[in-house]
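A short write-up of the structure that comes next.
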2 protein chains.
Amino acid sequence: MKTYINPPENLWAELLQRPLFSVAELESQVQAILTDIKMSGVHAIRNYTDKFDGVFIRNFAVQEQEIADAISLVDESLKNAIKVAAHNIRKFHESQVPEIKKIETTPGVICWQKPVAIEKVGLYVPGGSAPLFSTVLMLAIPAKIVGCKEIVLCTPPNKEGKIHPAILFAAQLVGVTQIFKLGGVQAIGAMAYGVDVVPKVDKIFGPGNQYVMAAKQIVSRGDVAIDMPAGPSEVAVMADQTANPAFIAADLLSQAEHGPDSQVVLVTNDKSLVEKVDQELERQLNDLPRKAIAERALANSQAVVLENVDDMIDLINGYAPEHLIISMENYLQVAEQIVNAGSVFLGNYTPESAGDYASGTNHTLPTNGWSRSFSGVNIDSFIKKITFQEITPEGMKNLGPVIETMAAAEELDGHKNAVTLRLKEIDNKK
Amino acid sequence: MKTYINPPENLWAELLQRPLFSVAELESQVQAILTDIKMSGVHAIRNYTDKFDGVFIRNFAVQEQEIADAISLVDESLKNAIKVAAHNIRKFHESQVPEIKKIETTPGVICWQKPVAIEKVGLYVPGGSAPLFSTVLMLAIPAKIVGCKEIVLCTPPNKEGKIHPAILFAAQLVGVTQIFKLGGVQAIGAMAYGVDVVPKVDKIFGPGNQYVMAAKQIVSRGDVAIDMPAGPSEVAVMADQTANPAFIAADLLSQAEHGPDSQVVLVTNDKSLVEKVDQELERQLNDLPRKAIAERALANSQAVVLENVDDMIDLINGYAPEHLIISMENYLQVAEQIVNAGSVFLGNYTPESAGDYASGTNHTLPTNGWSRSFSGVNIDSFIKKITFQEITPEGMKNLGPVIETMAAAEELDGHKNAVTLRLKEIDNKK
């Protein structure tokens, strides 16, 4: 790791600059595919699946028999692990469902906010070598808790036109309503516009490669909501002399193995720790099957030594990491002062991989500094909060004159008149 | 109003099509201004203010003396009305602040979600003939409740380089930290990039004309978060024989006076009501100062008669209105079945203008069908919910094997190793 000792504050942002990430250059290419999907429908998504996934798919919908077959193929130990993770994710996300509180703001004026499920949600689960069934859990469980009516899952087929059994197992376990063998831009387009058997959804969730991210960004401009802006994954670790160098190295590597554009950052007030972590990185890296990927990610990564804990906190809040591990003696005190982060892992026994899979928190988190303004996926992501207000005649008498005065001052007489007519009628009734 | 009697369901979407709204055609023009602002900074915002607002501004920051002068200029009755509205908005939004709940998902695995204020928010308040001080209340009060550190307000100056006193009064009343005389694309650009005395913010809120909306959409792609996608304002009214035709007409007009592209929709199971409302519209329209605008909006508007209440509900949920007034005998029962709407007004004594100003709910709401997937502005809009997790050694022993199994199945050995190392260390300590 590149190491910086006590860099001045005005250089922090530059030191921690993320690998450049922009989907703008892919835009015209992705836009062309989306336009084709909008125009040519099922023919287009069949052609692109043939072209990009190397398989001709006649029926994109996964059939019940395929799901039943998949269930029998998944290892019992993996099934049990998935069930434990699902339990934890469900328990934590259920605790987030907001209550309805009726508030009388003025006598006779009652307001409340009601959480209502988004009706149709589309979940994208990327393909690639490994089956990301954990993402199925993270996106479908909260959708199910709030009662989304249609929970649509798209994931690319392999060259045999199949989906990995673990994905199908997870999807049926947590209540996905429809599964489609469809990946890439063609999946995003199908869910944004509604193509063939794939319904148009109200909101699209999930990670993906740069093409998928570009497609999500384009369709979000007018067709459908999306979960959050995208960027490569990242972790920051804050550590002091009480941290365990082997654990830190393992945590940094677990992030680095995601992809060559992943970024890992270590911030510490203990200079000697950096050397120990570097040694551990070297040692552990050799045993890692994804060594080549992790090595490239580490080349983008930094260790920063700052003597002062307050400076460490300021640096982290400025960086706004997706994942933050705090391996420090007073980790709860430090955590109190963190204002920009997606998900925070506290103490020496809370690795990021706990949150990636099974602690119960969501692993779909804001990257690229977006944790300054975005939350990770949570129950809110699957609901709208509709406001209601009910005013009694008494309430109108209390509040009506206020509304009239304000409407008149904003020169909106129609607004005022809607109150004046009611006040007159109430007076006449007496 | 165009009236449709019992139209078949497959025609509903077409009948209720909104006036075409797209900012795409303005994009290159607005992008050019934004690029100029990014490159030339204060010179650019000065030039555009000169060009579009017709005034040369040397110092964009409103000074304390200007605020003090403004306070003395505002009518006492308006001040009092604004204070009552602010009280109600504060009371309702305070009730939305989420509690922290610590959840033990597995023994020794504790997860929680903590609401944390977005540090810097930028509020845009449009100019024009009337001073929209109500928008100041709606955006700044929730920002203040959650504790945003910088609450920046931009609003265009008049030709004398001044801002309306009511806006300044409202801003200082509710805790805006900095006010700038800056409107249009130049305000959005300044808050997105940070220009001169205007700081770069983390999220931009507020309504505006098509240029402002286009600018918000462009900067949201990489620079800053925004509140929600934009579109013209709209109201739908559901009414039965218990509704008051004069009230309905007044409510429709209060929406129609917003702008010629506003849309108003009346859905009723009482055919005779449509005629009565039409007569009232004609009568009330003549007294309206903004008659010309309202007339044009009414030309885009529809009355739909459907015999069946369930059909009325389905039509409304399909339309997904920004504002929904339910003037029906069983309004609470009907409201229970509404799944797509921004804000709902119940019964005969709850006009939309109550929510626009003073009931306590927010008036910044999703238009153009976005209420299918977006909430109106609320406390959530000004916070991130950061997740935390703390795992004890006992918790790691309980959950670690689950994480190991899942990570191995996803072929992420680095993720697995971060757990394995910790489990070994825990075992060795015994």
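Chain labels A, B, ... are given in the sequence in which chains occur in the structure tokens; within each chain residues are numbered consecutively from 1, and ligands are likewise numbered from 1 in the order shown.
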Write out chain A, as a compact mmCIF listing (two decimals) with C-alpha atoms, in the first residue's frame, after superposing it onto chain B by least squares using every C-alpha atom paired in order.
```txt
# COMPACT_ATOMS: atom_id res chain seq x y z
CA MET A 1 -63.59 19.82 -18.44
CA LYS A 2 -63.59 17.00 -20.91
CA THR A 3 -65.97 14.41 -19.48
CA TYR A 4 -65.84 10.66 -20.00
CA ILE A 5 -68.70 8.44 -18.88
CA ASN A 6 -67.72 4.88 -17.92
CA PRO A 7 -64.68 4.65 -20.17
CA PRO A 8 -63.34 1.07 -20.42
CA GLU A 9 -60.33 0.32 -18.23
CA ASN A 10 -57.95 -0.16 -21.15
CA LEU A 11 -58.44 3.51 -22.09
CA TRP A 12 -57.83 5.03 -18.64
CA ALA A 13 -54.10 5.54 -19.03
CA GLU A 14 -54.59 7.27 -22.37
CA LEU A 15 -57.39 9.52 -21.11
CA LEU A 16 -55.31 10.66 -18.17
CA GLN A 17 -52.11 11.16 -20.11
CA ARG A 18 -50.26 14.10 -18.71
CA PRO A 19 -49.15 17.03 -20.84
CA LEU A 20 -45.85 15.90 -22.36
CA PHE A 21 -43.02 16.87 -20.06
CA SER A 22 -39.39 16.37 -20.88
CA VAL A 23 -36.34 18.43 -20.12
CA ALA A 24 -34.24 16.46 -22.62
CA GLU A 25 -34.50 19.08 -25.34
CA LEU A 26 -33.11 21.76 -23.03
CA GLU A 27 -30.22 19.54 -22.07
CA SER A 28 -27.50 20.81 -24.38
CA GLN A 29 -28.36 24.43 -23.66
CA VAL A 30 -28.37 23.90 -19.89
CA GLN A 31 -25.26 21.73 -20.05
CA ALA A 32 -23.40 24.56 -21.79
CA ILE A 33 -24.31 26.99 -19.01
CA LEU A 34 -23.28 24.47 -16.33
CA THR A 35 -19.94 23.85 -18.04
CA ASP A 36 -19.33 27.58 -18.20
CA ILE A 37 -20.11 27.88 -14.48
CA LYS A 38 -17.74 25.03 -13.68
CA MET A 39 -14.97 26.64 -15.73
CA SER A 40 -15.44 30.36 -15.16
CA GLY A 41 -16.92 30.36 -11.67
CA VAL A 42 -18.04 33.68 -10.28
CA HIS A 43 -17.71 35.47 -13.63
CA ALA A 44 -20.15 33.05 -15.18
CA ILE A 45 -22.77 33.31 -12.45
CA ARG A 46 -22.48 37.10 -12.53
CA ASN A 47 -22.96 37.16 -16.31
CA TYR A 48 -25.95 34.85 -16.26
CA THR A 49 -27.57 36.80 -13.44
CA ASP A 50 -27.05 39.94 -15.47
CA LYS A 51 -28.47 38.27 -18.57
CA PHE A 52 -31.44 36.39 -17.08
CA ASP A 53 -32.39 38.45 -14.02
CA GLY A 54 -31.34 41.80 -15.46
CA VAL A 55 -29.19 42.83 -12.52
CA PHE A 56 -25.47 42.95 -11.82
CA ILE A 57 -24.66 41.39 -8.46
CA ARG A 58 -21.26 41.96 -6.89
CA ASN A 59 -21.85 40.09 -3.64
CA PHE A 60 -24.28 37.20 -3.90
CA ALA A 61 -24.53 36.68 -0.15
CA VAL A 62 -27.47 38.39 1.54
CA GLN A 63 -26.18 40.55 4.40
CA GLU A 64 -27.51 40.64 7.96
CA GLN A 65 -28.70 44.21 7.47
CA GLU A 66 -30.81 43.18 4.48
CA ILE A 67 -32.45 40.49 6.60
CA ALA A 68 -33.09 42.93 9.44
CA ASP A 69 -34.64 45.42 6.99
CA ALA A 70 -36.81 42.70 5.51
CA ILE A 71 -38.14 41.63 8.89
CA SER A 72 -39.35 45.14 9.57
CA LEU A 73 -41.11 45.23 6.18
CA VAL A 74 -43.26 42.11 6.57
CA ASP A 75 -46.81 42.56 7.81
CA GLU A 76 -47.45 41.34 11.35
CA SER A 77 -50.40 39.22 10.20
CA LEU A 78 -48.26 37.48 7.61
CA LYS A 79 -45.49 36.95 10.16
CA ASN A 80 -47.96 35.33 12.50
CA ALA A 81 -49.40 33.13 9.77
CA ILE A 82 -45.91 32.00 8.79
CA LYS A 83 -45.16 31.20 12.43
CA VAL A 84 -48.27 29.05 12.78
CA ALA A 85 -47.46 27.20 9.57
CA ALA A 86 -43.86 26.71 10.71
CA HIS A 87 -45.09 25.31 14.03
CA ASN A 88 -47.31 22.76 12.28
CA ILE A 89 -44.68 21.76 9.74
CA ARG A 90 -42.13 21.37 12.54
CA LYS A 91 -44.48 19.33 14.70
CA PHE A 92 -45.36 16.92 11.92
CA HIS A 93 -41.83 16.51 10.62
CA GLU A 94 -40.37 16.05 14.11
CA SER A 95 -42.67 13.05 14.51
CA GLN A 96 -40.94 11.44 11.52
CA VAL A 97 -37.43 11.35 13.00
CA PRO A 98 -36.67 7.63 13.29
CA GLU A 99 -35.52 6.12 16.57
CA ILE A 100 -32.44 3.97 16.83
CA LYS A 101 -33.37 0.35 17.52
CA LYS A 102 -30.59 -2.07 18.38
CA ILE A 103 -31.49 -5.53 17.07
CA GLU A 104 -29.71 -8.71 18.12
CA THR A 105 -30.17 -10.78 14.98
CA THR A 106 -28.14 -13.73 16.32
CA PRO A 107 -26.82 -13.92 19.91
CA GLY A 108 -23.75 -11.67 19.93
CA VAL A 109 -24.60 -9.96 16.62
CA ILE A 110 -26.10 -6.51 17.12
CA CYS A 111 -27.23 -4.28 14.25
CA TRP A 112 -28.72 -0.81 14.17
CA GLN A 113 -29.54 1.99 11.81
CA LYS A 114 -28.67 5.54 12.80
CA PRO A 115 -30.21 8.59 11.14
CA VAL A 116 -27.49 11.15 10.43
CA ALA A 117 -28.09 14.56 8.88
CA ILE A 118 -26.77 15.26 5.40
CA GLU A 119 -24.18 17.90 6.20
CA LYS A 120 -24.78 20.52 3.51
CA VAL A 121 -28.10 20.99 1.78
CA GLY A 122 -29.00 23.51 -0.91
CA LEU A 123 -32.55 24.81 -1.18
CA TYR A 124 -33.81 26.44 -4.35
CA VAL A 125 -36.77 28.82 -4.15
CA PRO A 126 -38.00 30.09 -7.52
CA GLY A 127 -38.55 33.75 -8.23
CA GLY A 128 -41.28 35.15 -10.37
CA SER A 129 -44.05 37.53 -9.45
CA ALA A 130 -44.95 36.00 -6.09
CA PRO A 131 -42.58 35.21 -3.21
CA LEU A 132 -42.73 31.47 -2.47
CA PHE A 133 -41.88 31.71 1.22
CA SER A 134 -43.94 28.57 1.85
CA THR A 135 -41.30 26.57 -0.01
CA VAL A 136 -38.66 28.01 2.33
CA LEU A 137 -40.58 26.56 5.27
CA MET A 138 -41.13 23.16 3.63
CA LEU A 139 -37.45 22.66 2.81
CA ALA A 140 -35.61 24.39 5.66
CA ILE A 141 -37.67 23.15 8.62
CA PRO A 142 -36.91 19.43 8.17
CA ALA A 143 -33.25 20.28 7.41
CA LYS A 144 -33.06 22.16 10.70
CA ILE A 145 -34.82 19.41 12.68
CA VAL A 146 -32.28 16.77 11.67
CA GLY A 147 -29.35 19.15 12.18
CA CYS A 148 -27.94 19.79 8.72
CA LYS A 149 -24.86 21.94 9.36
CA GLU A 150 -25.21 24.17 6.33
CA ILE A 151 -28.64 25.07 5.02
CA VAL A 152 -28.00 27.13 1.91
CA LEU A 153 -30.80 28.98 0.14
CA CYS A 154 -30.63 30.34 -3.41
CA THR A 155 -33.36 32.50 -4.87
CA PRO A 156 -33.20 34.94 -7.78
CA PRO A 157 -32.93 38.68 -7.11
CA ASN A 158 -35.35 41.17 -8.62
CA LYS A 159 -34.15 43.91 -10.96
CA GLU A 160 -33.09 45.99 -7.94
CA GLY A 161 -30.93 43.12 -6.73
CA LYS A 162 -33.26 42.40 -3.83
CA ILE A 163 -35.05 39.38 -2.44
CA HIS A 164 -38.65 39.59 -1.30
CA PRO A 165 -38.84 40.39 2.43
CA ALA A 166 -41.22 37.47 3.15
CA ILE A 167 -38.63 35.01 1.85
CA LEU A 168 -35.91 36.55 4.01
CA PHE A 169 -38.23 36.58 7.03
CA ALA A 170 -39.13 32.92 6.58
CA ALA A 171 -35.50 31.94 6.00
CA GLN A 172 -34.20 33.55 9.19
CA LEU A 173 -37.18 32.27 11.18
CA VAL A 174 -36.48 28.64 10.41
CA GLY A 175 -32.69 28.65 10.53
CA VAL A 176 -31.35 28.91 6.98
CA THR A 177 -27.60 29.46 7.44
CA GLN A 178 -26.75 31.29 4.20
CA ILE A 179 -28.91 33.05 1.61
CA PHE A 180 -27.72 33.89 -1.90
CA LYS A 181 -29.21 36.14 -4.56
CA LEU A 182 -28.91 33.62 -7.31
CA GLY A 183 -31.51 31.93 -9.49
CA GLY A 184 -31.93 29.59 -12.42
CA VAL A 185 -29.29 27.27 -13.79
CA GLN A 186 -26.61 29.46 -12.24
CA ALA A 187 -27.94 28.71 -8.72
CA ILE A 188 -28.02 24.96 -9.35
CA GLY A 189 -24.51 25.03 -10.84
CA ALA A 190 -23.12 27.10 -7.97
CA MET A 191 -24.52 24.72 -5.34
CA ALA A 192 -23.42 21.63 -7.28
CA TYR A 193 -19.82 22.73 -7.84
CA GLY A 194 -19.22 25.38 -5.20
CA VAL A 195 -18.65 28.79 -6.78
CA ASP A 196 -17.38 31.96 -5.11
CA VAL A 197 -19.14 32.38 -1.76
CA VAL A 198 -21.68 29.63 -2.57
CA PRO A 199 -20.55 26.32 -1.04
CA LYS A 200 -20.78 22.98 -2.79
CA VAL A 201 -23.65 21.10 -1.16
CA ASP A 202 -24.41 17.38 -0.85
CA LYS A 203 -28.04 17.55 -1.99
CA ILE A 204 -30.20 20.09 -3.80
CA PHE A 205 -33.92 20.53 -3.12
CA GLY A 206 -36.73 22.55 -4.54
CA PRO A 207 -38.94 23.37 -7.50
CA GLY A 208 -38.15 25.53 -10.50
CA ASN A 209 -38.82 26.15 -14.14
CA GLN A 210 -37.81 23.70 -16.87
CA TYR A 211 -34.27 25.07 -16.99
CA VAL A 212 -33.81 24.59 -13.26
CA MET A 213 -35.25 21.07 -13.49
CA ALA A 214 -32.95 20.19 -16.39
CA ALA A 215 -29.98 21.55 -14.45
CA LYS A 216 -30.90 19.52 -11.37
CA GLN A 217 -31.18 16.39 -13.48
CA ILE A 218 -27.78 16.96 -15.11
CA VAL A 219 -25.87 17.68 -11.88
CA SER A 220 -27.52 14.68 -10.20
CA ARG A 221 -25.68 12.31 -12.56
CA GLY A 222 -22.35 12.73 -10.85
CA ASP A 223 -22.02 15.78 -8.65
CA VAL A 224 -24.78 16.00 -6.10
CA ALA A 225 -28.00 14.29 -4.99
CA ILE A 226 -31.38 15.88 -5.71
CA ASP A 227 -34.75 15.58 -4.00
CA MET A 228 -36.79 13.95 -6.78
CA PRO A 229 -37.55 14.04 -10.51
CA ALA A 230 -39.66 16.96 -11.64
CA GLY A 231 -42.85 17.65 -13.51
CA PRO A 232 -45.79 20.05 -13.52
CA SER A 233 -48.12 20.08 -10.52
CA GLU A 234 -51.40 18.15 -10.52
CA VAL A 235 -54.41 17.24 -8.41
CA ALA A 236 -56.98 14.46 -8.61
CA VAL A 237 -60.30 14.67 -6.80
CA MET A 238 -62.41 11.62 -5.98
CA ALA A 239 -65.96 12.63 -5.18
CA ASP A 240 -69.38 11.14 -4.61
CA GLN A 241 -72.83 12.59 -3.99
CA THR A 242 -71.76 13.87 -0.56
CA ALA A 243 -69.16 16.22 -2.07
CA ASN A 244 -69.68 19.96 -2.35
CA PRO A 245 -69.40 21.10 -6.00
CA ALA A 246 -68.24 24.60 -5.05
CA PHE A 247 -65.43 23.20 -2.89
CA ILE A 248 -64.35 20.84 -5.63
CA ALA A 249 -64.29 23.59 -8.22
CA ALA A 250 -62.24 25.76 -5.87
CA ASP A 251 -59.78 22.93 -5.28
CA LEU A 252 -59.42 22.25 -9.00
CA LEU A 253 -58.83 25.94 -9.64
CA SER A 254 -56.28 26.23 -6.87
CA GLN A 255 -54.25 23.64 -8.74
CA ALA A 256 -55.00 25.04 -12.20
CA GLU A 257 -53.75 28.51 -11.26
CA HIS A 258 -50.22 27.15 -10.69
CA GLY A 259 -49.43 27.05 -14.39
CA PRO A 260 -50.84 26.31 -17.83
CA ASP A 261 -49.27 22.83 -17.73
CA SER A 262 -50.96 21.90 -14.42
CA GLN A 263 -53.38 19.02 -14.68
CA VAL A 264 -56.60 18.54 -12.73
CA VAL A 265 -58.68 15.39 -12.76
CA LEU A 266 -62.11 14.71 -11.26
CA VAL A 267 -63.27 11.14 -10.76
CA THR A 268 -66.78 10.52 -9.50
CA ASN A 269 -69.56 7.98 -9.38
CA ASP A 270 -72.14 10.78 -9.50
CA LYS A 271 -72.70 11.97 -13.05
CA SER A 272 -74.74 14.97 -11.99
CA LEU A 273 -71.81 16.24 -9.92
CA VAL A 274 -69.73 16.90 -13.03
CA GLU A 275 -72.25 19.39 -14.37
CA LYS A 276 -72.48 21.18 -11.03
CA VAL A 277 -68.70 21.38 -10.78
CA ASP A 278 -68.48 22.71 -14.33
CA GLN A 279 -70.95 25.47 -13.48
CA GLU A 280 -69.00 26.35 -10.37
CA LEU A 281 -65.75 26.36 -12.32
CA GLU A 282 -67.17 28.87 -14.74
CA ARG A 283 -68.50 31.07 -11.98
CA GLN A 284 -65.36 31.00 -9.81
CA LEU A 285 -62.98 31.32 -12.73
CA ASN A 286 -64.26 34.81 -13.50
CA ASP A 287 -63.16 36.11 -10.12
CA LEU A 288 -59.69 34.62 -10.32
CA PRO A 289 -56.77 37.02 -10.95
CA ARG A 290 -54.85 34.14 -12.60
CA LYS A 291 -57.85 33.28 -14.79
CA ALA A 292 -55.85 33.05 -18.02
CA ILE A 293 -53.43 30.50 -16.58
CA ALA A 294 -56.18 28.43 -14.94
CA GLU A 295 -58.20 28.36 -18.14
CA ARG A 296 -55.32 26.91 -20.09
CA ALA A 297 -54.71 24.26 -17.42
CA LEU A 298 -58.40 23.30 -17.39
CA ALA A 299 -58.19 22.68 -21.13
CA ASN A 300 -55.85 19.76 -20.31
CA SER A 301 -58.13 18.36 -17.66
CA GLN A 302 -60.64 15.58 -17.37
CA ALA A 303 -63.72 14.48 -15.50
CA VAL A 304 -64.25 10.74 -15.45
CA VAL A 305 -67.50 9.13 -14.31
CA LEU A 306 -67.21 5.54 -13.09
CA GLU A 307 -70.12 3.78 -11.45
CA ASN A 308 -68.05 1.59 -9.24
CA VAL A 309 -65.94 2.89 -6.33
CA ASP A 310 -63.39 0.11 -6.82
CA ASP A 311 -62.92 1.27 -10.39
CA MET A 312 -62.42 4.82 -9.16
CA ILE A 313 -59.70 3.58 -6.82
CA ASP A 314 -58.01 1.56 -9.57
CA LEU A 315 -58.03 4.51 -11.91
CA ILE A 316 -56.45 6.77 -9.29
CA ASN A 317 -53.79 4.21 -8.37
CA GLY A 318 -52.97 3.88 -12.05
CA TYR A 319 -52.70 7.64 -12.45
CA ALA A 320 -50.59 8.09 -9.28
CA PRO A 321 -51.45 11.72 -8.57
CA GLU A 322 -49.26 14.21 -6.73
CA HIS A 323 -52.24 15.52 -4.71
CA LEU A 324 -55.40 13.52 -4.09
CA ILE A 325 -58.55 14.93 -2.51
CA ILE A 326 -61.12 12.35 -1.37
CA SER A 327 -64.50 14.02 -0.92
CA MET A 328 -66.53 10.88 -0.36
CA GLU A 329 -68.75 9.64 2.40
CA ASN A 330 -66.42 6.76 3.31
CA TYR A 331 -63.22 8.67 2.70
CA LEU A 332 -61.18 6.76 5.28
CA GLN A 333 -62.13 3.41 3.76
CA VAL A 334 -61.27 4.64 0.29
CA ALA A 335 -57.99 6.12 1.53
CA GLU A 336 -56.99 2.71 2.88
CA GLN A 337 -56.85 1.43 -0.68
CA ILE A 338 -54.82 4.25 -2.18
CA VAL A 339 -51.32 3.00 -2.97
CA ASN A 340 -50.00 5.63 -5.37
CA ALA A 341 -50.26 9.30 -4.36
CA GLY A 342 -48.05 12.02 -2.94
CA SER A 343 -50.33 13.63 -0.36
CA VAL A 344 -53.98 12.85 0.35
CA PHE A 345 -56.64 15.30 1.57
CA LEU A 346 -59.58 13.72 3.35
CA GLY A 347 -63.19 14.84 3.51
CA ASN A 348 -64.92 18.06 2.59
CA TYR A 349 -62.96 20.37 4.85
CA THR A 350 -59.42 19.52 3.78
CA PRO A 351 -58.50 21.55 0.70
CA GLU A 352 -55.17 21.01 -1.03
CA SER A 353 -54.16 24.52 -0.04
CA ALA A 354 -54.08 23.37 3.59
CA GLY A 355 -51.18 21.09 2.73
CA ASP A 356 -49.62 23.66 0.44
CA TYR A 357 -49.19 25.99 3.39
CA ALA A 358 -49.97 25.01 6.88
CA SER A 359 -51.44 21.64 7.84
CA GLY A 360 -47.94 20.36 8.56
CA THR A 361 -47.37 17.96 5.66
CA ASN A 362 -44.79 18.79 3.03
CA HIS A 363 -45.84 20.38 -0.25
CA THR A 364 -42.78 19.15 -2.19
CA LEU A 365 -44.30 16.05 -3.76
CA PRO A 366 -43.70 13.60 -6.60
CA THR A 367 -45.41 14.63 -9.85
CA ASN A 368 -45.72 13.04 -13.29
CA GLY A 369 -46.60 9.58 -11.90
CA TRP A 370 -43.45 9.38 -9.75
CA SER A 371 -45.61 8.82 -6.66
CA ARG A 372 -45.49 5.15 -7.69
CA SER A 373 -41.93 5.01 -6.40
CA PHE A 374 -41.09 8.31 -4.65
CA SER A 375 -42.21 9.86 -1.38
CA GLY A 376 -42.66 13.58 -1.03
CA VAL A 377 -39.94 15.48 0.80
CA ASN A 378 -39.89 14.39 4.41
CA ILE A 379 -37.39 13.89 7.22
CA ASP A 380 -35.79 10.99 5.31
CA SER A 381 -34.86 13.40 2.53
CA PHE A 382 -32.39 15.19 4.83
CA ILE A 383 -30.72 12.20 6.46
CA LYS A 384 -28.76 9.10 5.63
CA LYS A 385 -29.45 5.98 7.62
CA ILE A 386 -26.04 4.54 8.40
CA THR A 387 -26.04 0.90 9.49
CA PHE A 388 -23.80 -0.30 12.31
CA GLN A 389 -22.99 -3.81 13.43
CA GLU A 390 -21.05 -5.03 16.43
CA ILE A 391 -20.18 -8.69 16.80
CA THR A 392 -18.78 -10.19 19.99
CA PRO A 393 -16.40 -13.18 19.92
CA GLU A 394 -19.41 -15.28 20.91
CA GLY A 395 -21.40 -13.80 18.04
CA MET A 396 -18.58 -14.59 15.62
CA LYS A 397 -18.59 -18.19 16.82
CA ASN A 398 -22.34 -18.36 16.22
CA LEU A 399 -22.44 -16.68 12.84
CA GLY A 400 -18.93 -17.22 11.45
CA PRO A 401 -19.55 -20.68 9.94
CA VAL A 402 -22.59 -19.36 8.07
CA ILE A 403 -20.51 -16.58 6.54
CA GLU A 404 -17.74 -19.02 5.63
CA THR A 405 -20.17 -21.34 3.84
CA MET A 406 -21.80 -18.54 1.88
CA ALA A 407 -18.51 -16.86 0.93
CA ALA A 408 -17.08 -20.17 -0.26
CA ALA A 409 -20.17 -20.78 -2.41
CA GLU A 410 -19.81 -17.33 -3.97
CA GLU A 411 -16.12 -18.14 -4.58
CA LEU A 412 -14.94 -15.20 -2.52
CA ASP A 413 -12.20 -16.76 -0.42
CA GLY A 414 -10.93 -13.45 0.89
CA HIS A 415 -14.36 -12.89 2.45
CA LYS A 416 -14.24 -16.31 4.02
CA ASN A 417 -10.70 -15.87 5.30
CA ALA A 418 -11.61 -12.69 7.23
CA VAL A 419 -13.90 -14.92 9.30
CA THR A 420 -11.66 -17.99 9.47
CA LEU A 421 -8.76 -15.99 10.95
CA ARG A 422 -10.99 -14.57 13.64
CA LEU A 423 -12.52 -17.94 14.51
CA LYS A 424 -9.03 -19.43 14.86
CA GLU A 425 -7.91 -16.63 17.14
CA ILE A 426 -11.00 -17.04 19.32
CA ASP A 427 -10.34 -20.79 19.61
CA ASN A 428 -6.67 -20.22 20.43
CA LYS A 429 -7.56 -17.83 23.24
CA LYS A 430 -9.43 -20.49 25.17
```
Inset, instruction - Check stretch 118-243 of chain B with DSSP on the backbone and list each residue it calls helix (DSSP H, G or I), as an NGL selection string. - result: :B and (133-146 or 165-174 or 184-193 or 210-219)
Legend entry - Members of stretch 238-308 of chain A assigned strand (DSSP E) by DSSP, as a PyMOL selection string: chain A and resi 238-239+263-268+302-305
For the residues in the current selection, export C-alpha atoms as a short mmCIF file (atom, residue, chain, number, x, y, z; two decimals), in the first residue's frame.
```cif
data_model
loop_
_atom_site.label_atom_id
_atom_site.label_comp_id
_atom_site.auth_asym_id
_atom_site.auth_seq_id
_atom_site.Cartn_x
_atom_site.Cartn_y
_atom_site.Cartn_z
CA MET A 238 -9.65 2.90 11.06
CA ALA A 239 -7.23 1.18 13.39
CA GLN A 263 -10.37 0.70 -3.31
CA VAL A 264 -9.11 -0.05 0.19
CA VAL A 265 -7.91 2.56 2.64
CA LEU A 266 -6.24 2.14 6.03
CA VAL A 267 -6.13 5.04 8.45
CA THR A 268 -4.24 4.65 11.70
CA GLN A 302 -3.54 3.88 0.57
CA ALA A 303 -2.43 3.74 4.16
CA VAL A 304 -2.56 7.07 5.95
CA VAL A 305 -0.94 7.66 9.33
#
```
